[in-house]
Amino acid sequence: MFWIVGAEGFVQALHKISPSGLVNFAALQLTHRDWEGIRFYDLIFPLFVFLVGVSLVFSLSKIQEKEGKLATCRRIFTRSAWLYLFGIFYYGGLAQGVQDIRLLGVLQRIALCYLAAGLLYCFLKIRGLVVTCACLLVGYWAMMSFVPVPEAGPGNFQEGKNLANYIDRKYLPLRKWDGDHDPEGLLSTIPAIGTCLLGVFAGCLLRSRNRSDQQKVNFLIAAGVGGILLGHLWGIQFPVIKKIWTSSYVLVSAGYSSLFLAVFHQVLEVWKFQKWAMPFVWIGLNPFTIYMADNMVDFPKLAARIVGGPVVAMFGVYGELLIAAMVMGFSFLIAHFLYRRKIFLRL
């Protein structure tokens with residue numbers, strides 16, 4: 001959320017001032033790959049999905065212990081439905097008519113992954129979840145590699161010529177993000193559920209009382225490195241591509257997610273360095289609110305009303321950087337306000 005709600009704009013503004021060295025590298029990493037390959041910005045969405053899996057272990061376990069399996073399933077369906085509907089709203093809802101509704105997007109994918117992974121977690125033990133996750137990733141690879149696409153044949157992973165894009169073209173109605181196909185399309189939701197299940201495994205590890213915090217960190221590091229290496233190895237045949245969420249991309253992105261989780265767990269839970277993280281806690285307790293606010297409120301325009309015109313002109317080449325800093329500040333101020341008032345919007 002930190003990068004989405006302002007930090008990316010700050011780095012890009014800094015890049016315009018000094019387009020070299022570390023700043024140039026950071027700015028490049030905060031852009032998406034056009035198709036094959038991976039950059040830091042390509043990790044943010046799967047990290048969200050991964051962390052949904054981590055968090056549902058704690059939330060659903062608590063509900064299941066107190067209220068039972070039926071209440072837990074009801075909670076899963078209700079939360080998924082609301083999140084899906086907010087996804088429709090986020091992409092414009094009915095503003096441009098029914099034909100412009102985007103049925104599948106970021107929030108919709110998170111909703112579907114939460115629905116599937118949550119139900120699986122309720123009814124399967126760890127071994128069953130591992131087998132299910134493996135079947136999802138291998139099954140998706142098999143379909144993408146061996147099912148022929150008209151005029152393209154089997155095993156074609158180019159944009160517009162692969163099976164996932166073809167399924168969207170044929171069966172996904174209404175607005176699609178990339179013309180006749182969608183990066184959050186129908187078929188690629190299957191491996192995305194695998195990403196969420198990998199987060200579930202990390203959540204089960206963190207919830208376990210049989211290992212120390214340091215052992216948990218070590219395991220997360222080992223799993224992360226293993227996932228990255230295995231994913232890139234798989235990527236030789238099944239390339240790492242975010243827009244069709246390839247199985248190799250699942251492993252690579254989940255590997256990095258595991259490493260990020262390990263670093264923060266080491267710093268916050270093992271070393272107990274926690275005070276510095278409070279601004280991120282504010283955002284983390286209201287991510288949905290901040291995400292929707294960023295969509296509905298024109299923060300750059302609001303910042304320009306405060307420090308625009310002569311103020312920006314006075315800062316010269318640093319004017320855009322000032323606007324970007326104000327935008328990022330608004331996000332933290334809103335998050336802090338909600339935190340202080342104990343307002344936490346949960347679906």
# chains A, B, ... in the order shown; residues from 1 in each chain; ligands from 1
>>> select_by_dssp(residues="range 187-312 of chain A", states="helix (DSSP H, G or I)", output="PyMOL selection string")
chain A and resi 189-207+213-234+242-244+247-270+275-285+287-296+299-307+310-312
>>> residues_around(residues="Met328 in chain A", least_positions_apart="4", cutoff="10 Å", atoms="only C-alpha atoms", output="list in words")
Phe2, Trp3, Ile4, Val5, Gly6, Ala7, Glu8, Gly9, Phe10, Phe299, Pro300, Ala303, Leu322, Ile323, Ala324, Phe332 and Leu333 of chain A
>>> closest_atom_pairs(of="range 117-182 of chain A", to="range 65-78 of chain A", cutoff="10 Å", atoms="only C-alpha atoms", output="CSV")
residue,atom,partner,partner_atom,distance
A:Ala117,CA,A:Ile76,CA,9.6
A:Gly118,CA,A:Ile76,CA,6.5
A:Leu119,CA,A:Cys73,CA,6.7
A:Cys122,CA,A:Lys69,CA,7.1
A:Phe123,CA,A:Lys69,CA,8.7
>>> atom_distance(atom1="CA of Trp245 in chain A", atom2="CA of Ile193 in chain A")
10.4 Å
>>> closest_residue(among="A:Ser188, A:Ser248, A:Gln158, A:Gln266", to="Ile236 in chain A", atoms="only C-alpha atoms")
A:Ser248
>>> residues_around(residues="Gly53 in chain A", least_positions_apart="2", cutoff="7 Å", atoms="only C-alpha atoms", output="MDAnalysis selection string")
chainID A and resid 49:51 55:57 196:197 199:200 203
>>> write_last_selection(atoms="C-alpha atoms", output="PDB file, in the first residue's frame")
ATOM      1  CA  VAL A  49      -2.774 -12.177  -2.541  1.00  0.00           C
ATOM      2  CA  PHE A  50      -0.057 -13.992  -0.570  1.00  0.00           C
ATOM      3  CA  LEU A  51      -0.798 -11.910   2.538  1.00  0.00           C
ATOM      4  CA  SER A  55      -4.091 -13.434   7.334  1.00  0.00           C
ATOM      5  CA  LEU A  56      -6.997 -15.800   6.677  1.00  0.00           C
ATOM      6  CA  VAL A  57      -5.227 -18.485   8.712  1.00  0.00           C
ATOM      7  CA  CYS A 196      -3.062 -17.451  -1.892  1.00  0.00           C
ATOM      8  CA  LEU A 197      -2.558 -21.036  -0.722  1.00  0.00           C
ATOM      9  CA  GLY A 199       0.358 -17.577   1.788  1.00  0.00           C
ATOM     10  CA  VAL A 200      -1.802 -19.957   3.824  1.00  0.00           C
ATOM     11  CA  GLY A 203       0.360 -18.271   7.887  1.00  0.00           C
TER      12      GLY A 203
END
>>> closest_atom_pairs(of="range 185-292 of chain A", to="range 140-144 of chain A", cutoff="9 Å", atoms="only C-alpha atoms", output="Markdown table")
| residue | atom | partner | partner_atom | distance |
| --- | --- | --- | --- | --- |
| A:Leu187 | CA | A:Tyr140 | CA | 8.1 |
| A:Ser188 | CA | A:Tyr140 | CA | 8.0 |
| A:Ile190 | CA | A:Tyr140 | CA | 7.0 |
| A:Pro191 | CA | A:Tyr140 | CA | 6.6 |
| A:Phe238 | CA | A:Trp141 | CA | 7.3 |
| A:Thr246 | CA | A:Trp141 | CA | 7.4 |
| A:Ser247 | CA | A:Trp141 | CA | 6.4 |
| A:Ser248 | CA | A:Trp141 | CA | 8.9 |
>>> closest_atom_pairs(of="range 125-166 of chain A", to="range 173-181 of chain A", cutoff="9 Å", atoms="only C-alpha atoms", output="CSV")
residue,atom,partner,partner_atom,distance
A:Gly160,CA,A:His181,CA,7.5
A:Ala164,CA,A:His181,CA,8.2
A:Asn165,CA,A:His181,CA,5.2
A:Tyr166,CA,A:His181,CA,7.4
>>> atom_distance(atom1="CA of Gln214 in chain A", atom2="CA of Ser253 in chain A")
22.7 Å
>>> residues_around(residues="range 287-293 of chain A", least_positions_apart="4", cutoff="7 Å", atoms="only C-alpha atoms", output="MDAnalysis selection string")
chainID A and resid 1 283 297 331 345
>>> residues_around(residues="Leu268 in chain A", least_positions_apart="6", cutoff="12 Å", atoms="only C-alpha atoms", output="JSON, numbers by chain")
{"A": [213, 214, 217, 261, 262, 274, 275, 276, 277, 278, 281]}
>>> write_last_selection(atoms="N, CA, C and O atoms", output="PDB file, in the first residue's frame")
ATOM      1  N   ASP A 213      10.443 -18.032  16.869  1.00  0.00           N
ATOM      2  CA  ASP A 213      10.350 -16.999  15.837  1.00  0.00           C
ATOM      3  C   ASP A 213      11.558 -17.042  14.908  1.00  0.00           C
ATOM      4  O   ASP A 213      11.426 -16.832  13.694  1.00  0.00           O
ATOM      5  N   GLN A 214      12.735 -17.325  15.460  1.00  0.00           N
ATOM      6  CA  GLN A 214      13.930 -17.391  14.615  1.00  0.00           C
ATOM      7  C   GLN A 214      13.860 -18.568  13.656  1.00  0.00           C
ATOM      8  O   GLN A 214      14.256 -18.460  12.491  1.00  0.00           O
ATOM      9  N   VAL A 217      11.597 -17.608  10.813  1.00  0.00           N
ATOM     10  CA  VAL A 217      12.291 -16.739   9.856  1.00  0.00           C
ATOM     11  C   VAL A 217      13.192 -17.568   8.948  1.00  0.00           C
ATOM     12  O   VAL A 217      13.211 -17.386   7.727  1.00  0.00           O
ATOM     13  N   LEU A 261       8.411 -11.270   4.058  1.00  0.00           N
ATOM     14  CA  LEU A 261       7.785 -11.629   5.323  1.00  0.00           C
ATOM     15  C   LEU A 261       8.847 -12.015   6.351  1.00  0.00           C
ATOM     16  O   LEU A 261       8.753 -11.642   7.528  1.00  0.00           O
ATOM     17  N   ALA A 262       9.871 -12.735   5.908  1.00  0.00           N
ATOM     18  CA  ALA A 262      10.949 -13.142   6.804  1.00  0.00           C
ATOM     19  C   ALA A 262      11.701 -11.926   7.358  1.00  0.00           C
ATOM     20  O   ALA A 262      12.003 -11.856   8.558  1.00  0.00           O
ATOM     21  N   GLN A 274      10.282  -2.025  16.607  1.00  0.00           N
ATOM     22  CA  GLN A 274       8.891  -1.884  16.192  1.00  0.00           C
ATOM     23  C   GLN A 274       8.396  -0.442  16.055  1.00  0.00           C
ATOM     24  O   GLN A 274       7.494  -0.174  15.268  1.00  0.00           O
ATOM     25  N   LYS A 275       8.979   0.484  16.793  1.00  0.00           N
ATOM     26  CA  LYS A 275       8.442   1.850  16.805  1.00  0.00           C
ATOM     27  C   LYS A 275       8.483   2.512  15.428  1.00  0.00           C
ATOM     28  O   LYS A 275       7.580   3.251  15.052  1.00  0.00           O
ATOM     29  N   TRP A 276       9.535   2.243  14.651  1.00  0.00           N
ATOM     30  CA  TRP A 276       9.690   2.853  13.332  1.00  0.00           C
ATOM     31  C   TRP A 276       8.557   2.466  12.382  1.00  0.00           C
ATOM     32  O   TRP A 276       8.262   3.183  11.420  1.00  0.00           O
ATOM     33  N   ALA A 277       7.916   1.337  12.672  1.00  0.00           N
ATOM     34  CA  ALA A 277       6.923   0.783  11.739  1.00  0.00           C
ATOM     35  C   ALA A 277       5.514   1.320  11.969  1.00  0.00           C
ATOM     36  O   ALA A 277       4.602   0.965  11.220  1.00  0.00           O
ATOM     37  N   MET A 278       5.304   2.177  12.959  1.00  0.00           N
ATOM     38  CA  MET A 278       3.945   2.631  13.277  1.00  0.00           C
ATOM     39  C   MET A 278       3.210   3.266  12.092  1.00  0.00           C
ATOM     40  O   MET A 278       2.033   2.965  11.866  1.00  0.00           O
ATOM     41  N   VAL A 281       1.843   0.582  10.160  1.00  0.00           N
ATOM     42  CA  VAL A 281       0.746  -0.072  10.881  1.00  0.00           C
ATOM     43  C   VAL A 281      -0.558   0.685  10.629  1.00  0.00           C
ATOM     44  O   VAL A 281      -1.613   0.082  10.426  1.00  0.00           O
TER      45      VAL A 281
END
>>> atom_distance(atom1="CA of Lys216 in chain A", atom2="CA of Arg346 in chain A")
28.3 Å
>>> closest_residue(among="A:Trp35, A:Phe337, A:Phe330, A:Phe25", to="Tyr249 in chain A", atoms="only C-alpha atoms")
A:Trp35
>>> residues_around(residues="Leu28 in chain A", least_positions_apart="6", cutoff="10 Å", atoms="only C-alpha atoms", output="CSV table (one decimal) with N, CA, C and O atoms, in the first residue's frame")
chain,number,residue,atom,x,y,z
A,11,VAL,N,9.1,8.6,-6.0
A,11,VAL,CA,10.4,8.1,-6.7
A,11,VAL,C,10.4,8.6,-8.2
A,11,VAL,O,11.5,9.0,-8.7
A,12,GLN,N,9.2,8.5,-8.8
A,12,GLN,CA,9.2,8.9,-10.2
A,12,GLN,C,9.5,10.4,-10.4
A,12,GLN,O,10.2,10.9,-11.3
A,15,HIS,N,13.1,10.9,-9.9
A,15,HIS,CA,13.8,10.4,-11.1
A,15,HIS,C,13.9,11.5,-12.2
A,15,HIS,O,14.9,11.5,-12.9
A,22,LEU,N,21.1,5.0,-8.6
A,22,LEU,CA,20.2,4.3,-7.8
A,22,LEU,C,18.8,4.7,-8.0
A,22,LEU,O,17.8,3.9,-8.0
A,39,ARG,N,9.8,-7.3,-12.3
A,39,ARG,CA,10.4,-6.2,-11.6
A,39,ARG,C,9.7,-6.1,-10.3
A,39,ARG,O,8.7,-6.8,-10.0
A,40,PHE,N,10.2,-5.2,-9.4
A,40,PHE,CA,9.6,-5.1,-8.1
A,40,PHE,C,8.1,-4.8,-8.1
A,40,PHE,O,7.3,-5.3,-7.4
A,41,TYR,N,7.7,-3.9,-9.1
A,41,TYR,CA,6.3,-3.5,-9.1
A,41,TYR,C,5.4,-4.7,-9.5
A,41,TYR,O,4.2,-4.7,-9.2
>>> residues_around(residues="Val130 in chain A", least_positions_apart="5", cutoff="12 Å", atoms="only C-alpha atoms", output="VMD selection string")
chain A and resid 117 120 to 121 124 to 125 135 to 137 194 to 202
>>> write_last_selection(atoms="all heavy atoms", output="CSV table (one decimal), in the first residue's frame")
chain,number,residue,atom,x,y,z
A,117,ALA,N,-9.4,-20.1,-1.3
A,117,ALA,CA,-8.5,-20.5,-0.3
A,117,ALA,C,-9.1,-20.6,1.0
A,117,ALA,O,-8.7,-21.5,1.8
A,117,ALA,CB,-7.3,-19.5,-0.3
A,120,LEU,N,-11.1,-23.9,1.1
A,120,LEU,CA,-10.2,-25.0,1.2
A,120,LEU,C,-9.5,-25.2,2.5
A,120,LEU,O,-9.4,-26.3,3.0
A,120,LEU,CB,-9.1,-24.8,0.1
A,120,LEU,CG,-9.5,-25.0,-1.4
A,120,LEU,CD1,-8.5,-24.5,-2.3
A,120,LEU,CD2,-9.9,-26.5,-1.7
A,121,TYR,N,-9.2,-24.0,3.1
A,121,TYR,CA,-8.6,-24.0,4.5
A,121,TYR,C,-9.5,-24.6,5.5
A,121,TYR,O,-9.1,-25.3,6.4
A,121,TYR,CB,-8.1,-22.6,4.9
A,121,TYR,CG,-7.5,-22.6,6.3
A,121,TYR,CD1,-6.2,-23.1,6.5
A,121,TYR,CD2,-8.2,-22.0,7.3
A,121,TYR,CE1,-5.7,-23.1,7.8
A,121,TYR,CE2,-7.6,-21.9,8.6
A,121,TYR,CZ,-6.4,-22.5,8.8
A,121,TYR,OH,-5.8,-22.4,10.1
A,124,LEU,N,-9.8,-28.7,4.4
A,124,LEU,CA,-8.7,-29.6,4.1
A,124,LEU,C,-7.6,-29.4,5.2
A,124,LEU,O,-7.4,-28.3,5.7
A,124,LEU,CB,-8.1,-29.3,2.7
A,124,LEU,CG,-9.0,-29.6,1.5
A,124,LEU,CD1,-8.3,-29.3,0.3
A,124,LEU,CD2,-9.4,-31.1,1.5
A,125,LYS,N,-6.9,-30.4,5.4
A,125,LYS,CA,-5.7,-30.3,6.3
A,125,LYS,C,-4.5,-29.9,5.4
A,125,LYS,O,-4.6,-29.8,4.2
A,125,LYS,CB,-5.4,-31.6,7.0
A,125,LYS,CG,-6.5,-32.1,8.0
A,125,LYS,CD,-6.1,-33.3,8.8
A,125,LYS,CE,-7.3,-33.7,9.7
A,125,LYS,NZ,-7.6,-32.7,10.7
A,135,CYS,N,-1.7,-29.2,-7.7
A,135,CYS,CA,-2.6,-29.6,-8.8
A,135,CYS,C,-3.0,-28.3,-9.6
A,135,CYS,O,-3.0,-28.3,-10.8
A,135,CYS,CB,-3.8,-30.3,-8.3
A,135,CYS,SG,-3.5,-32.0,-7.8
A,136,LEU,N,-3.2,-27.2,-8.8
A,136,LEU,CA,-3.6,-25.9,-9.5
A,136,LEU,C,-2.5,-25.4,-10.4
A,136,LEU,O,-2.7,-25.1,-11.6
A,136,LEU,CB,-3.9,-24.9,-8.5
A,136,LEU,CG,-5.2,-25.1,-7.6
A,136,LEU,CD1,-5.3,-24.0,-6.6
A,136,LEU,CD2,-6.4,-25.0,-8.5
A,137,LEU,N,-1.2,-25.5,-9.9
A,137,LEU,CA,-0.1,-24.9,-10.6
A,137,LEU,C,0.3,-25.8,-11.8
A,137,LEU,O,0.5,-25.4,-12.9
A,137,LEU,CB,1.1,-24.7,-9.7
A,137,LEU,CG,0.9,-23.7,-8.6
A,137,LEU,CD1,2.2,-23.5,-7.8
A,137,LEU,CD2,0.4,-22.4,-9.1
A,194,GLY,N,-3.4,-20.5,-6.2
A,194,GLY,CA,-2.2,-21.1,-5.7
A,194,GLY,C,-1.4,-20.1,-4.9
A,194,GLY,O,-0.8,-20.5,-3.9
A,195,THR,N,-1.3,-18.9,-5.4
A,195,THR,CA,-0.5,-17.9,-4.7
A,195,THR,C,-1.1,-17.7,-3.3
A,195,THR,O,-0.3,-17.6,-2.3
A,195,THR,CB,-0.6,-16.5,-5.4
A,195,THR,OG1,0.1,-16.7,-6.7
A,195,THR,CG2,0.2,-15.4,-4.7
A,196,CYS,N,-2.4,-17.6,-3.2
A,196,CYS,CA,-3.1,-17.5,-1.9
A,196,CYS,C,-2.8,-18.6,-1.0
A,196,CYS,O,-2.6,-18.5,0.2
A,196,CYS,CB,-4.6,-17.3,-2.1
A,196,CYS,SG,-5.4,-16.5,-0.7
A,197,LEU,N,-2.8,-19.8,-1.5
A,197,LEU,CA,-2.6,-21.0,-0.7
A,197,LEU,C,-1.1,-21.1,-0.2
A,197,LEU,O,-0.9,-21.5,0.9
A,197,LEU,CB,-2.9,-22.3,-1.5
A,197,LEU,CG,-4.3,-22.6,-1.8
A,197,LEU,CD1,-4.5,-23.8,-2.7
A,197,LEU,CD2,-5.1,-22.8,-0.5
A,198,LEU,N,-0.2,-20.6,-1.0
A,198,LEU,CA,1.2,-20.5,-0.5
A,198,LEU,C,1.3,-19.5,0.7
A,198,LEU,O,2.1,-19.7,1.6
A,198,LEU,CB,2.1,-20.0,-1.7
A,198,LEU,CG,2.3,-21.1,-2.8
A,198,LEU,CD1,3.1,-20.4,-3.9
A,198,LEU,CD2,3.1,-22.3,-2.2
A,199,GLY,N,0.5,-18.5,0.6
A,199,GLY,CA,0.4,-17.6,1.8
A,199,GLY,C,-0.2,-18.3,3.0
A,199,GLY,O,0.2,-18.0,4.1
A,200,VAL,N,-1.2,-19.2,2.7
A,200,VAL,CA,-1.8,-20.0,3.8
A,200,VAL,C,-0.7,-20.8,4.5
A,200,VAL,O,-0.7,-20.9,5.8
A,200,VAL,CB,-2.9,-20.9,3.3
A,200,VAL,CG1,-3.3,-21.9,4.3
A,200,VAL,CG2,-4.1,-20.0,2.9
A,201,PHE,N,0.2,-21.4,3.7
A,201,PHE,CA,1.2,-22.2,4.3
A,201,PHE,C,2.1,-21.3,5.2
A,201,PHE,O,2.5,-21.8,6.3
A,201,PHE,CB,2.1,-22.9,3.3
A,201,PHE,CG,1.3,-23.7,2.3
A,201,PHE,CD1,1.6,-23.9,1.0
A,201,PHE,CD2,0.2,-24.4,2.8
A,201,PHE,CE1,0.9,-24.7,0.1
A,201,PHE,CE2,-0.6,-25.3,1.9
A,201,PHE,CZ,-0.2,-25.4,0.6
A,202,ALA,N,2.4,-20.1,4.8
A,202,ALA,CA,3.2,-19.2,5.6
A,202,ALA,C,2.5,-18.8,6.8
A,202,ALA,O,3.1,-18.7,7.9
A,202,ALA,CB,3.6,-18.0,4.8
>>> decode(residues="range 40-59 of chain A", atoms="N, CA and C atoms", output="PDB file, in the first residue's frame")
ATOM      1  N   PHE A  40      10.170  -5.222  -9.428  1.00  0.00           N
ATOM      2  CA  PHE A  40       9.600  -5.074  -8.089  1.00  0.00           C
ATOM      3  C   PHE A  40       8.101  -4.775  -8.147  1.00  0.00           C
ATOM      4  N   TYR A  41       7.697  -3.902  -9.072  1.00  0.00           N
ATOM      5  CA  TYR A  41       6.288  -3.516  -9.149  1.00  0.00           C
ATOM      6  C   TYR A  41       5.389  -4.688  -9.535  1.00  0.00           C
ATOM      7  N   ASP A  42       5.958  -5.695 -10.188  1.00  0.00           N
ATOM      8  CA  ASP A  42       5.194  -6.891 -10.547  1.00  0.00           C
ATOM      9  C   ASP A  42       4.975  -7.805  -9.347  1.00  0.00           C
ATOM     10  N   LEU A  43       5.614  -7.479  -8.214  1.00  0.00           N
ATOM     11  CA  LEU A  43       5.489  -8.308  -7.017  1.00  0.00           C
ATOM     12  C   LEU A  43       4.405  -7.812  -6.071  1.00  0.00           C
ATOM     13  N   ILE A  44       3.941  -6.567  -6.265  1.00  0.00           N
ATOM     14  CA  ILE A  44       3.034  -5.977  -5.287  1.00  0.00           C
ATOM     15  C   ILE A  44       1.681  -6.691  -5.248  1.00  0.00           C
ATOM     16  N   PHE A  45       1.092  -6.939  -6.407  1.00  0.00           N
ATOM     17  CA  PHE A  45      -0.213  -7.600  -6.438  1.00  0.00           C
ATOM     18  C   PHE A  45      -0.150  -9.027  -5.873  1.00  0.00           C
ATOM     19  N   PRO A  46       0.789  -9.873  -6.337  1.00  0.00           N
ATOM     20  CA  PRO A  46       0.840 -11.208  -5.736  1.00  0.00           C
ATOM     21  C   PRO A  46       1.183 -11.187  -4.241  1.00  0.00           C
ATOM     22  N   LEU A  47       1.914 -10.140  -3.795  1.00  0.00           N
ATOM     23  CA  LEU A  47       2.186 -10.020  -2.362  1.00  0.00           C
ATOM     24  C   LEU A  47       0.885  -9.780  -1.600  1.00  0.00           C
ATOM     25  N   PHE A  48      -0.021  -8.971  -2.171  1.00  0.00           N
ATOM     26  CA  PHE A  48      -1.345  -8.787  -1.580  1.00  0.00           C
ATOM     27  C   PHE A  48      -2.050 -10.130  -1.442  1.00  0.00           C
ATOM     28  N   VAL A  49      -2.069 -10.889  -2.540  1.00  0.00           N
ATOM     29  CA  VAL A  49      -2.774 -12.177  -2.541  1.00  0.00           C
ATOM     30  C   VAL A  49      -2.127 -13.138  -1.546  1.00  0.00           C
ATOM     31  N   PHE A  50      -0.806 -13.153  -1.511  1.00  0.00           N
ATOM     32  CA  PHE A  50      -0.057 -13.992  -0.570  1.00  0.00           C
ATOM     33  C   PHE A  50      -0.434 -13.642   0.864  1.00  0.00           C
ATOM     34  N   LEU A  51      -0.487 -12.341   1.178  1.00  0.00           N
ATOM     35  CA  LEU A  51      -0.798 -11.910   2.538  1.00  0.00           C
ATOM     36  C   LEU A  51      -2.256 -12.152   2.903  1.00  0.00           C
ATOM     37  N   VAL A  52      -3.137 -12.186   1.907  1.00  0.00           N
ATOM     38  CA  VAL A  52      -4.516 -12.600   2.173  1.00  0.00           C
ATOM     39  C   VAL A  52      -4.511 -14.023   2.713  1.00  0.00           C
ATOM     40  N   GLY A  53      -3.690 -14.885   2.094  1.00  0.00           N
ATOM     41  CA  GLY A  53      -3.570 -16.256   2.569  1.00  0.00           C
ATOM     42  C   GLY A  53      -3.000 -16.328   3.976  1.00  0.00           C
ATOM     43  N   VAL A  54      -1.979 -15.507   4.254  1.00  0.00           N
ATOM     44  CA  VAL A  54      -1.388 -15.476   5.600  1.00  0.00           C
ATOM     45  C   VAL A  54      -2.436 -15.069   6.629  1.00  0.00           C
ATOM     46  N   SER A  55      -3.158 -13.989   6.346  1.00  0.00           N
ATOM     47  CA  SER A  55      -4.091 -13.434   7.334  1.00  0.00           C
ATOM     48  C   SER A  55      -5.322 -14.308   7.549  1.00  0.00           C
ATOM     49  N   LEU A  56      -5.783 -15.000   6.507  1.00  0.00           N
ATOM     50  CA  LEU A  56      -6.997 -15.800   6.677  1.00  0.00           C
ATOM     51  C   LEU A  56      -6.774 -16.968   7.633  1.00  0.00           C
ATOM     52  N   VAL A  57      -5.534 -17.419   7.746  1.00  0.00           N
ATOM     53  CA  VAL A  57      -5.227 -18.485   8.712  1.00  0.00           C
ATOM     54  C   VAL A  57      -5.581 -18.028  10.122  1.00  0.00           C
ATOM     55  N   PHE A  58      -5.208 -16.797  10.458  1.00  0.00           N
ATOM     56  CA  PHE A  58      -5.465 -16.277  11.801  1.00  0.00           C
ATOM     57  C   PHE A  58      -6.935 -15.927  11.992  1.00  0.00           C
ATOM     58  N   SER A  59      -7.532 -15.235  11.013  1.00  0.00           N
ATOM     59  CA  SER A  59      -8.915 -14.780  11.175  1.00  0.00           C
ATOM     60  C   SER A  59      -9.914 -15.941  11.141  1.00  0.00           C
TER      61      SER A  59
END
